[in-house]
$ cat model36.csv   # CSV, C-alpha atoms
chain,number,residue,atom,x,y,z
F,833,MET,CA,-11.8,-7.0,-2.0
F,834,PRO,CA,-10.7,-8.2,-5.4
F,835,ARG,CA,-9.9,-11.9,-5.6
F,836,VAL,CA,-6.8,-13.0,-7.3
F,837,ALA,CA,-6.5,-16.7,-6.6
F,838,GLU,CA,-8.7,-18.6,-9.0
F,839,ASP,CA,-9.2,-22.3,-9.6
F,840,ARG,CA,-7.6,-21.9,-13.0
F,841,ALA,CA,-4.0,-20.9,-13.4
F,842,PRO,CA,-3.6,-18.3,-16.2
F,843,ALA,CA,-2.2,-19.8,-19.5
F,844,GLU,CA,1.2,-18.6,-20.9
F,845,PRO,CA,1.3,-17.7,-24.5
F,846,THR,CA,3.9,-19.8,-26.4
F,847,SER,CA,3.5,-19.6,-30.2
F,848,PRO,CA,4.2,-16.3,-32.0
F,849,GLU,CA,0.5,-16.0,-32.7
F,850,GLN,CA,-0.4,-16.4,-29.1
F,851,LYS,CA,2.2,-13.9,-28.0
F,852,GLU,CA,0.8,-11.4,-30.5
F,853,ARG,CA,-2.7,-11.9,-29.2
F,854,TYR,CA,-1.4,-11.6,-25.6
F,855,ARG,CA,0.2,-8.2,-26.5
F,856,ARG,CA,-2.9,-7.0,-28.3
F,857,ILE,CA,-4.9,-7.8,-25.2
F,858,LEU,CA,-2.5,-5.8,-23.0
F,859,ARG,CA,-2.5,-2.8,-25.4
F,860,ALA,CA,-6.4,-2.9,-25.4
F,861,ALA,CA,-6.4,-3.0,-21.5
F,862,ALA,CA,-4.0,0.0,-21.4
F,863,ARG,CA,-6.3,2.0,-23.7
F,864,HIS,CA,-9.5,1.1,-21.7
F,865,GLY,CA,-7.7,1.5,-18.3
F,866,ALA,CA,-6.4,5.0,-19.3
F,867,VAL,CA,-9.9,6.5,-19.9
F,868,LYS,CA,-12.1,4.8,-17.3
F,869,GLU,CA,-11.9,3.5,-13.8
F,870,MET,CA,-11.0,-0.1,-13.5
F,871,GLU,CA,-14.4,-1.0,-12.1
F,872,ARG,CA,-15.9,0.2,-15.4
F,873,VAL,CA,-13.5,-1.6,-17.7
F,874,GLN,CA,-15.4,-4.5,-19.2
F,875,MET,CA,-13.5,-7.7,-20.1
F,876,LEU,CA,-15.8,-8.1,-23.1
F,877,ASP,CA,-14.8,-4.6,-24.4
F,878,VAL,CA,-11.2,-5.4,-24.0
F,879,ALA,CA,-11.6,-8.7,-25.9
F,880,ARG,CA,-13.5,-7.0,-28.7
F,881,ASP,CA,-11.0,-4.2,-29.0
F,882,ALA,CA,-8.1,-6.7,-29.0
F,883,GLY,CA,-9.8,-8.8,-31.7
F,884,VAL,CA,-9.8,-12.0,-29.6
F,885,ALA,CA,-12.6,-14.2,-28.3
F,886,ILE,CA,-13.6,-13.6,-24.7
F,887,ALA,CA,-12.6,-17.2,-23.8
F,888,THR,CA,-9.0,-16.4,-25.1
F,889,LEU,CA,-8.9,-13.3,-22.8
F,890,TYR,CA,-10.0,-15.3,-19.8
F,891,ARG,CA,-7.5,-18.1,-20.6
F,892,TYR,CA,-4.6,-15.7,-20.2
F,893,PHE,CA,-6.2,-13.4,-17.6
F,894,PRO,CA,-8.7,-15.2,-15.3
F,895,SER,CA,-9.6,-11.8,-13.7
F,896,LYS,CA,-9.2,-8.1,-14.2
F,897,THR,CA,-6.6,-8.2,-11.4
F,898,HIS,CA,-4.6,-10.7,-13.4
F,899,LEU,CA,-4.9,-8.5,-16.5
F,900,PHE,CA,-3.7,-5.2,-14.9
F,901,THR,CA,-1.0,-6.9,-12.9
F,902,ALA,CA,0.3,-8.4,-16.2
F,903,LEU,CA,0.1,-5.0,-17.8
F,904,MET,CA,2.1,-3.4,-15.0
F,905,ARG,CA,4.8,-6.1,-15.4
F,906,SER,CA,5.0,-5.6,-19.1
F,907,GLN,CA,5.3,-1.8,-18.6
F,908,VAL,CA,8.1,-2.2,-16.0
F,909,GLU,CA,9.9,-4.4,-18.5
F,910,ARG,CA,9.6,-1.6,-21.1
F,911,LEU,CA,10.9,0.9,-18.5
F,912,ALA,CA,14.0,-1.3,-18.4
F,913,GLU,CA,14.7,-0.3,-21.9
F,914,LEU,CA,15.1,3.3,-20.9
F,915,ALA,CA,17.2,2.2,-18.0
F,916,VAL,CA,18.8,4.9,-15.8
F,917,GLU,CA,22.5,4.3,-15.2
F,918,PRO,CA,24.6,6.3,-12.9
F,919,VAL,CA,26.6,9.2,-14.4
F,920,PRO,CA,30.2,8.8,-13.3
F,921,GLY,CA,30.7,10.2,-9.9
F,922,GLU,CA,27.0,10.4,-9.2
F,923,PRO,CA,25.9,8.9,-5.8
F,924,ALA,CA,23.7,5.9,-6.0
F,925,GLU,CA,20.9,7.7,-4.2
F,926,GLU,CA,20.7,10.4,-6.8
F,927,ALA,CA,20.7,8.0,-9.8
F,928,ILE,CA,18.0,5.9,-8.1
F,929,ALA,CA,16.0,9.1,-7.3
F,930,ARG,CA,16.2,9.9,-11.0
F,931,LEU,CA,14.8,6.5,-11.9
F,932,LEU,CA,12.0,6.7,-9.4
F,933,ILE,CA,11.0,10.3,-10.4
F,934,ARG,CA,11.1,9.3,-14.1
F,935,SER,CA,9.0,6.2,-13.4
F,936,GLY,CA,6.7,8.1,-11.2
F,937,ARG,CA,6.0,10.8,-13.8
F,938,TRP,CA,5.3,8.1,-16.3
F,939,LEU,CA,2.8,6.4,-14.0
F,940,LEU,CA,1.1,9.6,-12.9
F,941,SER,CA,0.7,10.7,-16.5
F,942,THR,CA,-2.2,8.2,-16.8
F,943,PRO,CA,-3.6,8.3,-13.3
F,944,LEU,CA,-6.6,5.9,-13.8
F,945,LEU,CA,-4.4,3.3,-15.4
F,946,ALA,CA,-1.7,3.8,-12.7
F,947,HIS,CA,-4.4,3.2,-10.1
F,948,ALA,CA,-5.7,0.1,-11.8
F,949,MET,CA,-2.2,-1.3,-12.2
F,950,MET,CA,-1.0,-0.5,-8.7
F,951,GLN,CA,-4.1,-1.8,-6.9
F,952,SER,CA,-4.0,-5.0,-9.0
F,953,ASN,CA,-0.3,-5.5,-8.2
F,954,ASN,CA,-1.0,-4.9,-4.5
F,955,ALA,CA,-3.8,-7.4,-4.5
F,956,THR,CA,-1.6,-10.0,-6.3
F,957,VAL,CA,1.2,-9.5,-3.8
F,958,ALA,CA,-1.3,-9.6,-0.9
F,959,GLN,CA,-3.1,-12.7,-2.0
F,960,THR,CA,-0.5,-14.9,-3.7
F,961,PRO,CA,3.1,-15.9,-3.0
F,962,SER,CA,4.1,-13.7,-6.0
F,963,ALA,CA,6.2,-10.6,-5.4
F,964,GLY,CA,4.4,-9.0,-8.3
F,965,VAL,CA,6.6,-6.6,-10.2
F,966,THR,CA,8.8,-6.0,-7.2
F,967,GLU,CA,11.7,-8.1,-8.5
F,968,ALA,CA,11.7,-6.5,-12.0
F,969,PHE,CA,11.7,-3.1,-10.4
F,970,THR,CA,14.5,-4.0,-8.0
F,971,ASP,CA,16.6,-4.9,-11.0
F,972,LEU,CA,16.1,-1.4,-12.4
F,973,MET,CA,17.1,0.1,-9.1
F,974,LEU,CA,20.2,-2.1,-8.9
F,975,THR,CA,21.3,-1.0,-12.4
F,976,ALA,CA,20.5,2.7,-11.7
F,977,GLY,CA,22.5,2.6,-8.5
F,978,GLY,CA,25.4,0.8,-10.0
F,979,PHE,CA,25.1,-2.0,-7.4
F,980,GLU,CA,27.1,-4.9,-8.8
F,981,GLU,CA,26.9,-7.4,-6.0
F,982,PRO,CA,24.3,-6.2,-3.7
F,983,THR,CA,24.4,-7.4,-0.1
F,984,ASP,CA,21.3,-8.6,1.7
F,985,HIS,CA,21.2,-5.4,3.6
F,986,GLU,CA,21.3,-3.4,0.3
F,987,LEU,CA,18.5,-5.5,-1.1
F,988,ARG,CA,16.5,-4.9,2.0
F,989,LEU,CA,17.0,-1.1,1.7
F,990,LEU,CA,15.8,-1.2,-1.9
F,991,ARG,CA,12.7,-3.1,-0.9
F,992,LEU,CA,11.9,-0.6,1.8
F,993,LEU,CA,12.6,2.2,-0.7
F,994,GLU,CA,10.3,0.7,-3.3
F,995,GLN,CA,7.5,0.4,-0.7
F,996,SER,CA,7.9,4.0,0.4
F,997,TRP,CA,7.9,5.2,-3.2
F,998,TYR,CA,4.7,3.2,-3.8
F,999,GLY,CA,3.1,4.8,-0.8
F,1000,ILE,CA,4.1,8.3,-2.1
F,1001,LEU,CA,2.7,7.6,-5.5
F,1002,ILE,CA,-0.6,6.3,-4.1
F,1003,THR,CA,-0.8,9.5,-1.9
F,1004,ALA,CA,-0.2,11.6,-5.0
F,1005,LEU,CA,-2.7,9.7,-7.1
F,1006,ASN,CA,-5.3,10.3,-4.4
F,1007,GLY,CA,-4.7,14.0,-4.5
F,1008,HIS,CA,-3.4,14.2,-0.9
F,1009,ILE,CA,-0.1,15.6,-2.1
F,1010,THR,CA,1.0,17.4,-5.3
F,1011,HIS,CA,3.2,15.8,-7.9
F,1012,GLU,CA,6.0,18.2,-6.8
F,1013,GLN,CA,5.6,17.1,-3.2
F,1014,ALA,CA,5.7,13.5,-4.4
F,1015,GLU,CA,9.0,14.1,-6.1
F,1016,ALA,CA,10.5,15.9,-3.1
F,1017,ASP,CA,9.4,13.0,-0.9
F,1018,THR,CA,11.0,10.6,-3.3
F,1019,VAL,CA,14.3,12.4,-3.1
F,1020,LEU,CA,14.0,12.4,0.7
F,1021,VAL,CA,13.3,8.7,1.1
F,1022,CYS,CA,16.1,7.8,-1.3
F,1023,ARG,CA,18.6,9.9,0.7
F,1024,ALA,CA,17.3,8.7,4.1
F,1025,LEU,CA,17.2,5.0,3.3
F,1026,LEU,CA,20.3,4.7,1.1
F,1027,ARG,CA,22.4,6.5,3.8
F,1028,GLU,CA,21.7,3.4,5.8
F,1029,ARG,CA,24.1,1.5,3.5
F,1030,GLU,CA,26.8,2.3,5.9
F,1031,PRO,CA,26.2,0.5,9.2
F,1032,VAL,CA,25.8,2.9,12.1
F,1033,ASP,CA,26.6,2.1,15.7
F,1034,ASP,CA,23.9,4.0,17.5
F,1035,LEU,CA,20.3,2.9,17.7
F,1036,THR,CA,20.6,-0.6,16.4
F,1037,SER,CA,17.8,-1.9,18.6
F,1038,ALA,CA,14.4,-0.5,19.6
Z,64,MET,CA,-11.6,-3.5,-6.8
Z,65,PRO,CA,-13.8,-2.8,-3.8
Z,66,ARG,CA,-16.0,0.3,-4.2
Z,67,VAL,CA,-16.1,2.7,-1.3
Z,68,ALA,CA,-18.0,5.6,-2.6
Z,69,GLU,CA,-21.7,4.9,-2.4
Z,70,ASP,CA,-24.8,7.0,-3.1
Z,71,ARG,CA,-25.8,6.9,0.5
Z,72,ALA,CA,-23.5,8.5,3.1
Z,73,PRO,CA,-23.2,6.3,6.2
Z,74,ALA,CA,-25.3,7.4,9.2
Z,75,GLU,CA,-23.6,8.4,12.5
Z,76,PRO,CA,-25.0,6.9,15.7
Z,77,THR,CA,-26.1,9.7,18.1
Z,78,SER,CA,-28.3,8.3,20.9
Z,79,PRO,CA,-26.8,6.0,23.5
Z,80,GLU,CA,-28.8,3.1,22.1
Z,81,GLN,CA,-27.5,3.7,18.6
Z,82,LYS,CA,-24.0,4.0,19.9
Z,83,GLU,CA,-24.4,0.7,21.7
Z,84,ARG,CA,-25.7,-1.0,18.5
Z,85,TYR,CA,-22.8,0.5,16.5
Z,86,ARG,CA,-20.3,-0.9,19.0
Z,87,ARG,CA,-22.0,-4.3,18.9
Z,88,ILE,CA,-21.7,-4.3,15.1
Z,89,LEU,CA,-18.0,-3.5,15.3
Z,90,ARG,CA,-17.4,-6.2,17.8
Z,91,ALA,CA,-19.2,-8.7,15.7
Z,92,ALA,CA,-17.2,-7.6,12.6
Z,93,ALA,CA,-14.0,-8.1,14.6
Z,94,ARG,CA,-15.0,-11.7,15.6
Z,95,HIS,CA,-16.0,-12.7,12.0
Z,96,GLY,CA,-13.0,-10.9,10.4
Z,97,ALA,CA,-10.6,-12.7,12.8
Z,98,VAL,CA,-11.6,-16.2,11.7
Z,99,LYS,CA,-12.3,-15.9,8.0
Z,100,GLU,CA,-11.1,-13.9,5.0
Z,101,MET,CA,-13.0,-10.7,4.4
Z,102,GLU,CA,-14.5,-12.0,1.2
Z,103,ARG,CA,-16.2,-14.7,3.2
Z,104,VAL,CA,-17.5,-12.4,5.9
Z,105,GLN,CA,-21.3,-12.1,5.3
Z,106,MET,CA,-23.0,-8.8,6.3
Z,107,LEU,CA,-26.0,-10.8,7.3
Z,108,ASP,CA,-24.0,-12.9,9.7
Z,109,VAL,CA,-22.5,-9.8,11.3
Z,110,ALA,CA,-25.9,-8.3,11.7
Z,111,ARG,CA,-27.3,-11.5,13.2
Z,112,ASP,CA,-24.4,-11.8,15.6
Z,113,ALA,CA,-24.7,-8.2,16.6
Z,114,GLY,CA,-28.4,-8.6,17.2
Z,115,VAL,CA,-29.3,-5.8,14.8
Z,116,ALA,CA,-31.5,-5.7,11.6
Z,117,ILE,CA,-29.6,-5.9,8.4
Z,118,ALA,CA,-31.0,-2.5,7.4
Z,119,THR,CA,-29.4,-1.0,10.6
Z,120,LEU,CA,-26.1,-2.5,9.7
Z,121,TYR,CA,-26.2,-1.0,6.1
Z,122,ARG,CA,-27.3,2.3,7.5
Z,123,TYR,CA,-24.1,2.7,9.4
Z,124,PHE,CA,-21.9,0.8,7.0
Z,125,PRO,CA,-23.0,0.9,3.4
Z,126,SER,CA,-20.3,-1.7,2.5
Z,127,LYS,CA,-17.8,-4.1,4.0
Z,128,THR,CA,-15.1,-1.6,3.2
Z,129,HIS,CA,-16.9,1.0,5.4
Z,130,LEU,CA,-17.3,-1.6,8.1
Z,131,PHE,CA,-13.7,-2.7,8.3
Z,132,THR,CA,-12.4,0.9,7.9
Z,133,ALA,CA,-14.6,2.0,10.9
Z,134,LEU,CA,-13.3,-1.0,12.8
Z,135,MET,CA,-9.7,0.0,12.2
Z,136,ARG,CA,-10.4,3.6,13.3
Z,137,SER,CA,-12.0,2.4,16.5
Z,138,GLN,CA,-9.1,0.1,17.2
Z,139,VAL,CA,-6.6,2.9,16.6
Z,140,GLU,CA,-8.5,5.0,19.1
Z,141,ARG,CA,-8.2,2.1,21.6
Z,142,LEU,CA,-4.5,2.0,20.9
Z,143,ALA,CA,-4.4,5.6,22.0
Z,144,GLU,CA,-5.4,4.5,25.5
Z,145,LEU,CA,-2.2,2.5,25.7
Z,146,ALA,CA,-0.2,5.5,24.4
Z,147,VAL,CA,3.5,5.2,24.3
Z,148,GLU,CA,5.2,8.2,25.7
Z,149,PRO,CA,9.0,8.9,25.5
Z,150,VAL,CA,11.0,7.8,28.5
Z,151,PRO,CA,13.1,10.8,29.7
Z,152,GLY,CA,16.2,11.1,27.6
Z,153,GLU,CA,14.9,8.5,25.0
Z,154,PRO,CA,15.3,9.7,21.4
Z,155,ALA,CA,12.0,10.3,19.5
Z,156,GLU,CA,12.9,7.6,17.0
Z,157,GLU,CA,13.2,5.0,19.7
Z,158,ALA,CA,9.9,5.9,21.3
Z,159,ILE,CA,8.2,5.9,17.9
Z,160,ALA,CA,9.8,2.6,17.0
Z,161,ARG,CA,8.4,1.2,20.2
Z,162,LEU,CA,4.9,2.4,19.3
Z,163,LEU,CA,5.1,1.0,15.8
Z,164,ILE,CA,6.4,-2.4,17.0
Z,165,ARG,CA,3.8,-2.6,19.7
Z,166,SER,CA,1.0,-1.7,17.2
Z,167,GLY,CA,2.4,-4.0,14.6
Z,168,ARG,CA,2.4,-7.0,17.0
Z,169,TRP,CA,-1.1,-6.3,17.9
Z,170,LEU,CA,-2.2,-6.1,14.2
Z,171,LEU,CA,-0.2,-9.2,13.2
Z,172,SER,CA,-1.7,-11.2,16.1
Z,173,THR,CA,-5.0,-11.5,14.0
Z,174,PRO,CA,-3.6,-11.6,10.5
Z,175,LEU,CA,-6.9,-12.1,8.6
Z,176,LEU,CA,-8.5,-9.2,10.5
Z,177,ALA,CA,-5.4,-7.0,10.0
Z,178,HIS,CA,-5.6,-7.7,6.3
Z,179,ALA,CA,-9.3,-6.8,6.1
Z,180,MET,CA,-8.8,-3.6,8.0
Z,181,MET,CA,-5.7,-2.5,6.1
Z,182,GLN,CA,-7.1,-3.3,2.7
Z,183,SER,CA,-10.3,-1.5,3.6
Z,184,ASN,CA,-8.5,1.5,4.9
Z,185,ASN,CA,-6.3,1.6,1.8
Z,186,ALA,CA,-9.3,1.5,-0.4
Z,187,THR,CA,-11.0,4.3,1.5
Z,188,VAL,CA,-7.9,6.5,1.2
Z,189,ALA,CA,-7.6,5.6,-2.4
Z,190,GLN,CA,-11.2,6.3,-3.4
Z,191,THR,CA,-12.3,9.2,-1.2
Z,192,PRO,CA,-10.8,12.4,0.1
Z,193,SER,CA,-10.6,10.8,3.6
Z,194,ALA,CA,-7.1,10.2,5.0
Z,195,GLY,CA,-8.5,7.1,6.7
Z,196,VAL,CA,-7.0,6.4,10.1
Z,197,THR,CA,-3.8,8.3,9.2
Z,198,GLU,CA,-4.6,11.3,11.2
Z,199,ALA,CA,-5.5,9.4,14.4
Z,200,PHE,CA,-2.3,7.4,14.0
Z,201,THR,CA,-0.2,10.5,13.4
Z,202,ASP,CA,-1.4,11.8,16.8
Z,203,LEU,CA,-0.1,8.7,18.4
Z,204,MET,CA,3.3,9.1,16.8
Z,205,LEU,CA,3.4,12.8,17.9
Z,206,THR,CA,2.7,11.8,21.5
Z,207,ALA,CA,5.2,9.0,21.4
Z,208,GLY,CA,7.9,11.2,19.9
Z,209,GLY,CA,7.3,14.0,22.3
Z,210,PHE,CA,6.7,16.4,19.4
Z,211,GLU,CA,4.9,19.4,20.9
Z,212,GLU,CA,4.7,21.8,18.0
Z,213,PRO,CA,5.6,19.7,14.9
Z,214,THR,CA,6.8,21.5,11.9
Z,215,ASP,CA,5.4,20.8,8.4
Z,216,HIS,CA,8.7,19.0,7.7
Z,217,GLU,CA,8.2,16.8,10.8
Z,218,LEU,CA,4.6,16.0,9.9
Z,219,ARG,CA,5.8,15.0,6.4
Z,220,LEU,CA,8.4,12.7,7.9
Z,221,LEU,CA,5.8,11.0,10.1
Z,222,ARG,CA,3.5,10.5,7.0
Z,223,LEU,CA,6.4,8.9,5.1
Z,224,LEU,CA,7.2,6.8,8.2
Z,225,GLU,CA,3.6,5.6,8.6
Z,226,GLN,CA,3.5,4.6,4.9
Z,227,SER,CA,6.7,2.7,5.1
Z,228,TRP,CA,5.5,0.9,8.2
Z,229,TYR,CA,2.3,0.0,6.5
Z,230,GLY,CA,4.3,-1.5,3.6
Z,231,ILE,CA,6.4,-3.5,6.0
Z,232,LEU,CA,3.3,-4.9,7.8
Z,233,ILE,CA,1.7,-5.8,4.5
Z,234,THR,CA,4.9,-7.6,3.5
Z,235,ALA,CA,4.9,-9.5,6.8
Z,236,LEU,CA,1.2,-10.3,6.5
Z,237,ASN,CA,1.9,-11.8,3.1
Z,238,GLY,CA,4.6,-14.0,4.5
Z,239,HIS,CA,7.3,-12.4,2.4
Z,240,ILE,CA,9.3,-11.5,5.6
Z,241,THR,CA,9.2,-12.8,9.1
Z,242,HIS,CA,7.8,-10.8,12.0
Z,243,GLU,CA,11.3,-10.4,13.3
Z,244,GLN,CA,12.4,-8.9,10.0
Z,245,ALA,CA,9.4,-6.6,10.1
Z,246,GLU,CA,10.4,-5.3,13.5
Z,247,ALA,CA,14.0,-4.8,12.4
Z,248,ASP,CA,12.8,-3.0,9.2
Z,249,THR,CA,10.5,-0.8,11.4
Z,250,VAL,CA,13.5,0.3,13.6
Z,251,LEU,CA,15.5,1.0,10.4
Z,252,VAL,CA,12.9,3.2,8.8
Z,253,CYS,CA,12.3,5.1,12.0
Z,254,ARG,CA,16.0,5.8,12.3
Z,255,ALA,CA,16.5,6.6,8.7
Z,256,LEU,CA,13.5,9.0,8.3
Z,257,LEU,CA,13.7,10.7,11.7
Z,258,ARG,CA,17.3,11.5,11.2
Z,259,GLU,CA,16.0,13.8,8.5
Z,260,ARG,CA,14.6,16.0,11.1
Z,261,GLU,CA,17.9,17.9,10.9
Z,262,PRO,CA,18.3,19.6,7.5
Z,263,VAL,CA,21.3,18.3,5.7
Z,264,ASP,CA,23.2,20.3,3.1
Z,265,ASP,CA,24.2,17.6,0.7
Z,266,LEU,CA,21.9,16.0,-1.8
Z,267,THR,CA,19.0,18.4,-1.4
Z,268,SER,CA,18.0,17.9,-5.1
Z,269,ALA,CA,17.8,15.0,-7.4
$ encode --input "model36.csv" --output "structure tokens"
Amino acid sequence: MPRVAEDRAPAEPTSPEQKERYRRILRAAARHGAVKEMERVQMLDVARDAGVAIATLYRYFPSKTHLFTALMRSQVERLAELAVEPVPGEPAEEAIARLLIRSGRWLLSTPLLAHAMMQSNNATVAQTPSAGVTEAFTDLMLTAGGFEEPTDHELRLLRLLEQSWYGILITALNGHITHEQAEADTVLVCRALLREREPVDDLTSA
Amino acid sequence: MPRVAEDRAPAEPTSPEQKERYRRILRAAARHGAVKEMERVQMLDVARDAGVAIATLYRYFPSKTHLFTALMRSQVERLAELAVEPVPGEPAEEAIARLLIRSGRWLLSTPLLAHAMMQSNNATVAQTPSAGVTEAFTDLMLTAGGFEEPTDHELRLLRLLEQSWYGILITALNGHITHEQAEADTVLVCRALLREREPVDDLTSA
């Protein structure tokens, strides 16, 4: 299993030059991750392609898992720029399904990279207290669904929805279902889970 | 990332002696996996503890990922012996929620081992055409829910339900939610997804 926790904490870029180097590293990681499996991506190649010293790369990203988790975070932040907002009168579940389908198409368009980013993010979530990109993605769903002051129950439904969608994408990436089935599944889980926004009386305990 | 695909295919035990050695290896893996992180489980210690040569261990399990995926499969088969069946008049979603809660408690009772088995099974599903333990678990859900001749739509709902439950367990294993929240979430996704057994007219497209 990939290890995430390291003795060294990753450094944060602060100066404009550091931020530019950091972005160059992420762009180089995206290029390498798009054309080969993560196991075959060499940190040294990424450093060379980004024009930074290998020590610089390791200072910001102590492992490949750190590197691809950071790449996913930066890409989710870019998705926010294309934010989906509800069309007047559109139910929240339809707007959120549009967001998830659009994001899913974008991820599935570079399957090797999607795999690297999602496995890294999973490993980070599994091995550290971090919630990975979950919080950033939850914000996108809140905007898409027009949730202004979400209740704890609504946040819980969005967390369950995001996990279900993740499972659907992984299943599609593995070739167990087609992209069309993945989109139909996404619509289904949006509808099923967001219908639970209204409390129901039956079946409240197992 | 852990590699699953290997040049060698794992051997299958056939004679009674081989089957007994295979079971001893799985029992030793369960003992080691219960008390230390998977990264720290040494194949050599497992072989020694099982009383088999290291070459024998590698013949059946070319990697730790193979070993812990096989352990999960054998444990799901044992769960089948305690199969949950619906009480007369009990809705399918309640019986399936009982199965998932019981199975979840059993997994969460040895968190390190659960983590090792779930990550290994995920890696196997992600990197090979295998569906991992999914099919064996689907059978348990079909029995619990009293589904005699499941439709494709029902099988799809059970697949989505299993994925959601997996996400919930991982979230609980990571300490992001309590075990009580995990059980409430399990009841919620069972209700939400199995309600979709009846086709609905609204919202059928995104």
$ residues_around --input "model36.csv" --residues "Ala1014 (chain F)" --least-positions-apart "4" --cutoff "10 Å" --atoms "all atoms listed in the file" --output "PDB file with C-alpha atoms, in the coordinates of the input"
ATOM      1  CA  ILE F 933      11.000  10.300 -10.400  1.00  0.00           C
ATOM      2  CA  GLY F 936       6.700   8.100 -11.200  1.00  0.00           C
ATOM      3  CA  ARG F 937       6.000  10.800 -13.800  1.00  0.00           C
ATOM      4  CA  TRP F 997       7.900   5.200  -3.200  1.00  0.00           C
ATOM      5  CA  GLY F 999       3.100   4.800  -0.800  1.00  0.00           C
ATOM      6  CA  ILE F1000       4.100   8.300  -2.100  1.00  0.00           C
ATOM      7  CA  LEU F1001       2.700   7.600  -5.500  1.00  0.00           C
ATOM      8  CA  ILE F1002      -0.600   6.300  -4.100  1.00  0.00           C
ATOM      9  CA  THR F1003      -0.800   9.500  -1.900  1.00  0.00           C
ATOM     10  CA  ALA F1004      -0.200  11.600  -5.000  1.00  0.00           C
ATOM     11  CA  LEU F1005      -2.700   9.700  -7.100  1.00  0.00           C
ATOM     12  CA  HIS F1008      -3.400  14.200  -0.900  1.00  0.00           C
ATOM     13  CA  ILE F1009      -0.100  15.600  -2.100  1.00  0.00           C
ATOM     14  CA  THR F1010       1.000  17.400  -5.300  1.00  0.00           C
ATOM     15  CA  THR F1018      11.000  10.600  -3.300  1.00  0.00           C
ATOM     16  CA  VAL F1019      14.300  12.400  -3.100  1.00  0.00           C
ATOM     17  CA  LEU F1020      14.000  12.400   0.700  1.00  0.00           C
TER      18      LEU F1020
END
$ closest_residue --input "model36.csv" --among "Z:Leu170, Z:Leu163, Z:Leu221, Z:Ala179" --to "Glu246 (chain Z)" --atoms "only C-alpha atoms"
Z:Leu163
$ residues_around --input "model36.csv" --residues "region 120-130 of chain Z" --least-positions-apart "5" --cutoff "6 Å" --atoms "all atoms listed in the file" --output "list in words"
Pro73, Ala74 and Ser183 of chain Z
$ closest_residue --input "model36.csv" --among "Z:Asn184, Z:Asp112, Z:Gln105, Z:Thr201" --to "Pro213 (chain Z)" --atoms "all atoms listed in the file"
Z:Thr201
$ closest_residue --input "model36.csv" --among "F:Leu944, F:Leu903, F:Trp938, F:Ser847" --to "Ala866 (chain F)" --atoms "only C-alpha atoms"
F:Leu944
$ residues_near_point --input "model36.csv" --point "(-13.3, -10.4, 10.6)" --cutoff "9 Å" --atoms "only C-alpha atoms" --output "list of chain:residue names"
Z:Ala91, Z:Ala92, Z:Ala93, Z:Arg94, Z:His95, Z:Gly96, Z:Ala97, Z:Val98, Z:Lys99, Z:Glu100, Z:Met101, Z:Val104, Z:Phe131, Z:Leu175, Z:Leu176, Z:Ala177, Z:Ala179, Z:Met180
$ closest_residue --input "model36.csv" --among "F:Ala968, F:Leu974, F:Cys1022, F:Val916" --to "chain Z" --atoms "all atoms listed in the file"
F:Cys1022
$ atom_distance --input "model36.csv" --atom1 "CA of Ala207 (chain Z)" --atom2 "CA of Gly152 (chain Z)"
12.8 Å
$ closest_residue --input "model36.csv" --among "F:Gly1007, F:Glu980, F:Arg988, F:Thr966" --to "Val252 (chain Z)" --atoms "all atoms listed in the file"
F:Arg988
$ atom_distance --input "model36.csv" --atom1 "CA of Thr132 (chain Z)" --atom2 "CA of Met181 (chain Z)"
7.7 Å
